[in-house]
Amino acid sequence: MKTILVTGALGQIGSELVVKLRDLYGDRHVVGTDVRSDPNSPVVSGGPFETLDVTDGERFLELGKKYQVDAVIHLAAVLSATAEAKPQFAWHLNMTGLVNGLETARQLEGQLFTPSSIAAFGPSTPKDGTPQDTIQRPNTIYGVTKVAGELLCDYYHQRFGVDTRGVRFPGLISYVTPPGGGTTDYAVDIYYQAVKEKKYTSYIAAGTKMDMMYMPDALDAIVQLMEADPARLVHRNAFNIAAMSFAPEDVAAAIKARIPEFELTYDVDPVRQRIAESWPNSIDSSCAVEEWGFRPRFDLESMTEDMLQKLAGRLVR
Ligand code: AKB
């Protein structure tokens with residue numbers, strides 16, 4: 001990658017990824033784009049930034065040409081819970097945006113990365129140690145867009161030679177930009193509330209395990225996969241990757257070990273609970289390990305330590 005265009009640059013992943021990419025590739029070589037702007041964000045002030053509605057294919061390509069990009073990192077998408085509330089909008093944004101990203105990469109002969117998700121699996125998928133290649137029959141609209149996106153990226157690679165790459169992200173946890181509209185968001189909120197209120201009410205039921213990952217590992221994975229030798233890639237769209245699997249009571253125990261007053265209660269949201277139950281308990285990342293050396297650094301304990309320390313510095317002044 002030499003010059004990279006990132007969509008959804010003000011979102012949960014983008015706001016940290018753009019800063020990291022600018023450190024690695026140079027400020028001028030990373031173009032942040034988002035449907036809105038934010039003058040207070042380092043993404044906007046620290047290098048080139050353009051507003052872009054990813055469903056506008058003409059502008060997508062125009063910006064790609066303007067900055068002579070050779071890689072598109074397409075992050076703009078609606079997450080699972082919001083998608084379930086607005087299925088038609090989710091299909092339009094997630095699929096039209098991806099087609100426009102792929103077309104831009106095709107016309108500029110560049111690479112394209114886009115995240116898939118554990119949501120690409122469904123109730124008939126093996127739940128534990130979910131293999132890389134297995135049954136994918138999701139019953140959420142978000143999951144349907146993720147499976148369709150994986151297939152479309154494979155198609156663009158086979159048919160047009162576009163160098164498409166992707167991972168199936170688990171829930172991502174970070175102290176910088178909160179996520180919005182996902183099912184795994186509780187695993188971020190719980191840390192904020194632990195620091196602010198010393199208590200949290202979970203909308204996900206006890207015993208519901210889902211895969212998770214700390215943001216620094218997710219950012220490293222994107223860069224590592226994009227820089228990986230293509231000759232080693234048997235799979236492309238998209239690799240299973242996960243760093244830990246836990247239920248609400250597991251993360252609560254890790255927090256309680258550091259904040260003894262912390263209390264967890266439950267008020268389960270049936271919509272997000274149904275989505276969570278349709279996803280795997282834990283996926284198998286071995287193909288990512290073998291094909292491009294995926295190696296996460298954080299587990300639940302080390303992530304909890306870091307999250308609480310960083311949030312204490314930000315929230316309690
Ligand atoms: C969501 O919960 O929708 C996302 C995801 C797992 O893709 N975090």
# chains A, B, ... in the order shown; residues from 1 in each chain; ligands from 1

$ residues_around --residues "A:Asp250" --least-positions-apart "3" --cutoff "12 Å" --atoms "only C-alpha atoms" --output "PyMOL selection string"
chain A and resi 187+190+205-210+244-247+253-257+264+300-301+304

$ residues_near_ligand --ligand "ligand 1" --cutoff "7 Å" --atoms "only C-alpha atoms and all ligand atoms" --output "ChimeraX atom specification"
/A:79-81,117-119,169-172,181-185

$ residues_around --residues "A:Gly180" --least-positions-apart "6" --cutoff "12 Å" --atoms "only C-alpha atoms" --output "compact mmCIF listing (two decimals) with N, CA and C atoms, in the first residue's frame"
# COMPACT_ATOMS: atom_id res chain seq x y z
N LEU A 10 -14.40 8.21 10.35
CA LEU A 10 -14.70 8.75 11.68
C LEU A 10 -15.40 7.72 12.57
N GLY A 11 -15.52 6.50 12.09
CA GLY A 11 -16.18 5.46 12.86
C GLY A 11 -15.24 4.79 13.85
N GLN A 12 -15.73 3.70 14.47
CA GLN A 12 -14.99 3.06 15.56
C GLN A 12 -13.61 2.58 15.09
N ILE A 13 -13.53 1.91 13.96
CA ILE A 13 -12.23 1.41 13.48
C ILE A 13 -11.47 2.53 12.79
N ALA A 77 -20.26 1.09 6.98
CA ALA A 77 -21.32 0.07 6.97
C ALA A 77 -22.24 0.28 8.16
N VAL A 78 -23.44 -0.28 8.05
CA VAL A 78 -24.38 -0.30 9.16
C VAL A 78 -24.14 -1.59 9.93
N LEU A 79 -24.09 -1.53 11.27
CA LEU A 79 -23.85 -2.74 12.08
C LEU A 79 -25.16 -3.49 12.38
N SER A 80 -25.00 -4.63 13.07
CA SER A 80 -26.09 -5.63 13.14
C SER A 80 -27.42 -5.13 13.72
N ALA A 81 -27.39 -4.43 14.87
CA ALA A 81 -28.66 -4.07 15.52
C ALA A 81 -29.38 -2.99 14.72
N THR A 82 -28.64 -1.99 14.24
CA THR A 82 -29.25 -0.94 13.42
C THR A 82 -29.79 -1.55 12.13
N ALA A 83 -29.03 -2.47 11.56
CA ALA A 83 -29.44 -3.11 10.30
C ALA A 83 -30.77 -3.85 10.48
N GLY A 171 -16.43 -8.88 17.91
CA GLY A 171 -16.71 -7.60 18.55
C GLY A 171 -15.39 -6.90 18.84
N LEU A 172 -15.32 -5.60 18.52
CA LEU A 172 -14.07 -4.84 18.74
C LEU A 172 -14.23 -3.90 19.92
N ILE A 173 -13.20 -3.89 20.76
CA ILE A 173 -13.26 -3.11 22.00
C ILE A 173 -12.17 -2.05 21.99
N TYR A 186 -22.04 -3.99 23.95
CA TYR A 186 -22.10 -4.06 25.41
C TYR A 186 -20.69 -4.22 26.00
N VAL A 188 -18.05 -2.92 25.12
CA VAL A 188 -17.35 -1.62 25.22
C VAL A 188 -18.02 -0.80 26.33
N ASP A 189 -19.36 -0.72 26.26
CA ASP A 189 -20.13 0.08 27.25
C ASP A 189 -19.80 -0.34 28.68

$ residues_around --residues "A:Asp269" --least-positions-apart "5" --cutoff "9 Å" --atoms "only C-alpha atoms" --output "number ranges by chain"
A: 202-205, 274

$ select_by_dssp --residues "stretch 178-266 of chain A" --states "helix (DSSP H, G or I)" --output "VMD selection string"
chain A and resid 186 to 196 215 to 227 230 to 232 248 to 256

$ write_last_selection --atoms "N, CA and C atoms" --output "compact mmCIF listing (two decimals), in the first residue's frame"
# COMPACT_ATOMS: atom_id res chain seq x y z
N TYR A 186 -22.04 -3.99 23.95
CA TYR A 186 -22.10 -4.06 25.41
C TYR A 186 -20.69 -4.22 26.00
N ALA A 187 -19.84 -4.93 25.23
CA ALA A 187 -18.50 -5.24 25.73
C ALA A 187 -17.59 -4.00 25.76
N VAL A 188 -18.05 -2.92 25.12
CA VAL A 188 -17.35 -1.62 25.22
C VAL A 188 -18.02 -0.80 26.33
N ASP A 189 -19.36 -0.72 26.26
CA ASP A 189 -20.13 0.08 27.25
C ASP A 189 -19.80 -0.34 28.68
N ILE A 190 -19.62 -1.63 28.90
CA ILE A 190 -19.42 -2.12 30.26
C ILE A 190 -18.18 -1.48 30.90
N TYR A 191 -17.15 -1.23 30.10
CA TYR A 191 -15.93 -0.60 30.64
C TYR A 191 -16.18 0.88 30.95
N TYR A 192 -16.88 1.57 30.04
CA TYR A 192 -17.18 2.99 30.29
C TYR A 192 -17.99 3.14 31.58
N GLN A 193 -19.03 2.28 31.71
CA GLN A 193 -19.91 2.37 32.89
C GLN A 193 -19.19 1.94 34.16
N ALA A 194 -18.29 0.98 34.03
CA ALA A 194 -17.52 0.53 35.20
C ALA A 194 -16.70 1.69 35.76
N VAL A 195 -16.10 2.46 34.87
CA VAL A 195 -15.27 3.58 35.33
C VAL A 195 -16.15 4.73 35.84
N LYS A 196 -17.25 4.99 35.12
CA LYS A 196 -18.09 6.15 35.50
C LYS A 196 -19.02 5.85 36.68
N MET A 215 -8.84 -3.35 20.06
CA MET A 215 -8.61 -2.59 18.82
C MET A 215 -7.15 -2.64 18.32
N PRO A 216 -6.13 -2.53 19.19
CA PRO A 216 -4.76 -2.55 18.63
C PRO A 216 -4.49 -3.83 17.81
N ASP A 217 -5.04 -4.95 18.24
CA ASP A 217 -4.86 -6.20 17.48
C ASP A 217 -5.63 -6.16 16.16
N ALA A 218 -6.80 -5.52 16.17
CA ALA A 218 -7.59 -5.42 14.94
C ALA A 218 -6.87 -4.55 13.90
N LEU A 219 -6.27 -3.45 14.36
CA LEU A 219 -5.56 -2.55 13.44
C LEU A 219 -4.33 -3.25 12.86
N ASP A 220 -3.58 -3.94 13.74
CA ASP A 220 -2.41 -4.69 13.26
C ASP A 220 -2.82 -5.72 12.22
N ALA A 221 -3.96 -6.38 12.46
CA ALA A 221 -4.41 -7.44 11.54
C ALA A 221 -4.69 -6.85 10.15
N ILE A 222 -5.30 -5.67 10.10
CA ILE A 222 -5.61 -5.07 8.79
C ILE A 222 -4.32 -4.80 8.02
N VAL A 223 -3.36 -4.17 8.70
CA VAL A 223 -2.10 -3.81 8.02
C VAL A 223 -1.35 -5.07 7.60
N GLN A 224 -1.28 -6.04 8.52
CA GLN A 224 -0.54 -7.27 8.24
C GLN A 224 -1.14 -8.03 7.05
N LEU A 225 -2.48 -8.11 7.02
CA LEU A 225 -3.12 -8.83 5.91
C LEU A 225 -2.91 -8.07 4.60
N MET A 226 -3.02 -6.76 4.61
CA MET A 226 -2.85 -5.98 3.37
C MET A 226 -1.43 -6.05 2.85
N GLU A 227 -0.46 -6.24 3.75
CA GLU A 227 0.94 -6.31 3.33
C GLU A 227 1.40 -7.76 3.10
N PRO A 230 0.82 -12.20 -1.45
CA PRO A 230 -0.40 -12.81 -2.02
C PRO A 230 -0.22 -14.30 -2.34
N ALA A 231 1.02 -14.70 -2.59
CA ALA A 231 1.26 -16.11 -2.93
C ALA A 231 0.90 -17.04 -1.76
N ARG A 232 0.91 -16.50 -0.55
CA ARG A 232 0.61 -17.33 0.63
C ARG A 232 -0.89 -17.40 0.94
N PRO A 248 -20.99 -11.96 29.27
CA PRO A 248 -20.97 -10.77 30.13
C PRO A 248 -20.38 -11.01 31.51
N GLU A 249 -20.69 -12.18 32.12
CA GLU A 249 -20.18 -12.42 33.48
C GLU A 249 -18.66 -12.59 33.50
N ASP A 250 -18.07 -13.01 32.38
CA ASP A 250 -16.60 -13.17 32.34
C ASP A 250 -15.90 -11.80 32.34
N VAL A 251 -16.42 -10.88 31.52
CA VAL A 251 -15.80 -9.56 31.48
C VAL A 251 -16.08 -8.84 32.81
N ALA A 252 -17.27 -9.08 33.39
CA ALA A 252 -17.57 -8.46 34.69
C ALA A 252 -16.59 -8.94 35.76
N ALA A 253 -16.24 -10.22 35.73
CA ALA A 253 -15.30 -10.76 36.72
C ALA A 253 -13.92 -10.12 36.55
N ALA A 254 -13.51 -9.93 35.29
CA ALA A 254 -12.20 -9.30 35.04
C ALA A 254 -12.21 -7.85 35.54
N ILE A 255 -13.35 -7.15 35.39
CA ILE A 255 -13.46 -5.76 35.88
C ILE A 255 -13.48 -5.75 37.41
N LYS A 256 -14.26 -6.66 37.99
CA LYS A 256 -14.41 -6.72 39.45
C LYS A 256 -13.07 -7.00 40.15

$ closest_residue --among "A:Asp154, A:Ser285, A:Tyr175, A:Gly143" --to "A:Ala90" --atoms "only C-alpha atoms"
A:Gly143

$ residues_around --residues "A:Leu21" --least-positions-apart "5" --cutoff "12 Å" --atoms "only C-alpha atoms" --output "list in words"
Met1, Lys2, Thr3, Ile4, Leu5, Val6, Ala9, Ile13, Gly14, Ser15, Glu16, Gly26, Asp27, Arg28, His29, Val30, Val31, Gly32, Val43, Gly46, Gly47, Ala71, Ile73, Leu219, Asp220, Ile222, Val223, Gln224 and Met226 of chain A

$ atom_distance --atom1 "atom CA of A:Phe49" --atom2 "atom CA of A:Thr7"
10.2 Å

$ select_by_dssp --residues "stretch 3-246 of chain A" --states "strand (DSSP E)" --output "number ranges by chain"
A: 4-7, 30-34, 49-51, 71-74, 111-113, 116-117, 128-130, 163-165, 167-169, 171-173, 199-202, 210-214, 239-240, 244-246

$ atom_distance --atom1 "atom CA of A:Ser45" --atom2 "atom CA of A:Val176"
16.6 Å

$ closest_residue --among "A:Leu61, A:Ile135, A:Ile141, A:Val54" --to "A:Gln88" --atoms "only C-alpha atoms"
A:Ile141

$ closest_residue --among "A:Thr114, A:Thr55, A:Gln68, A:Ser286" --to "A:His92" --atoms "only C-alpha atoms"
A:Thr55

$ closest_residue --among "A:Lys198, A:Lys127, A:His235, A:Lys86" --to "A:His157" --atoms "only C-alpha atoms"
A:His235
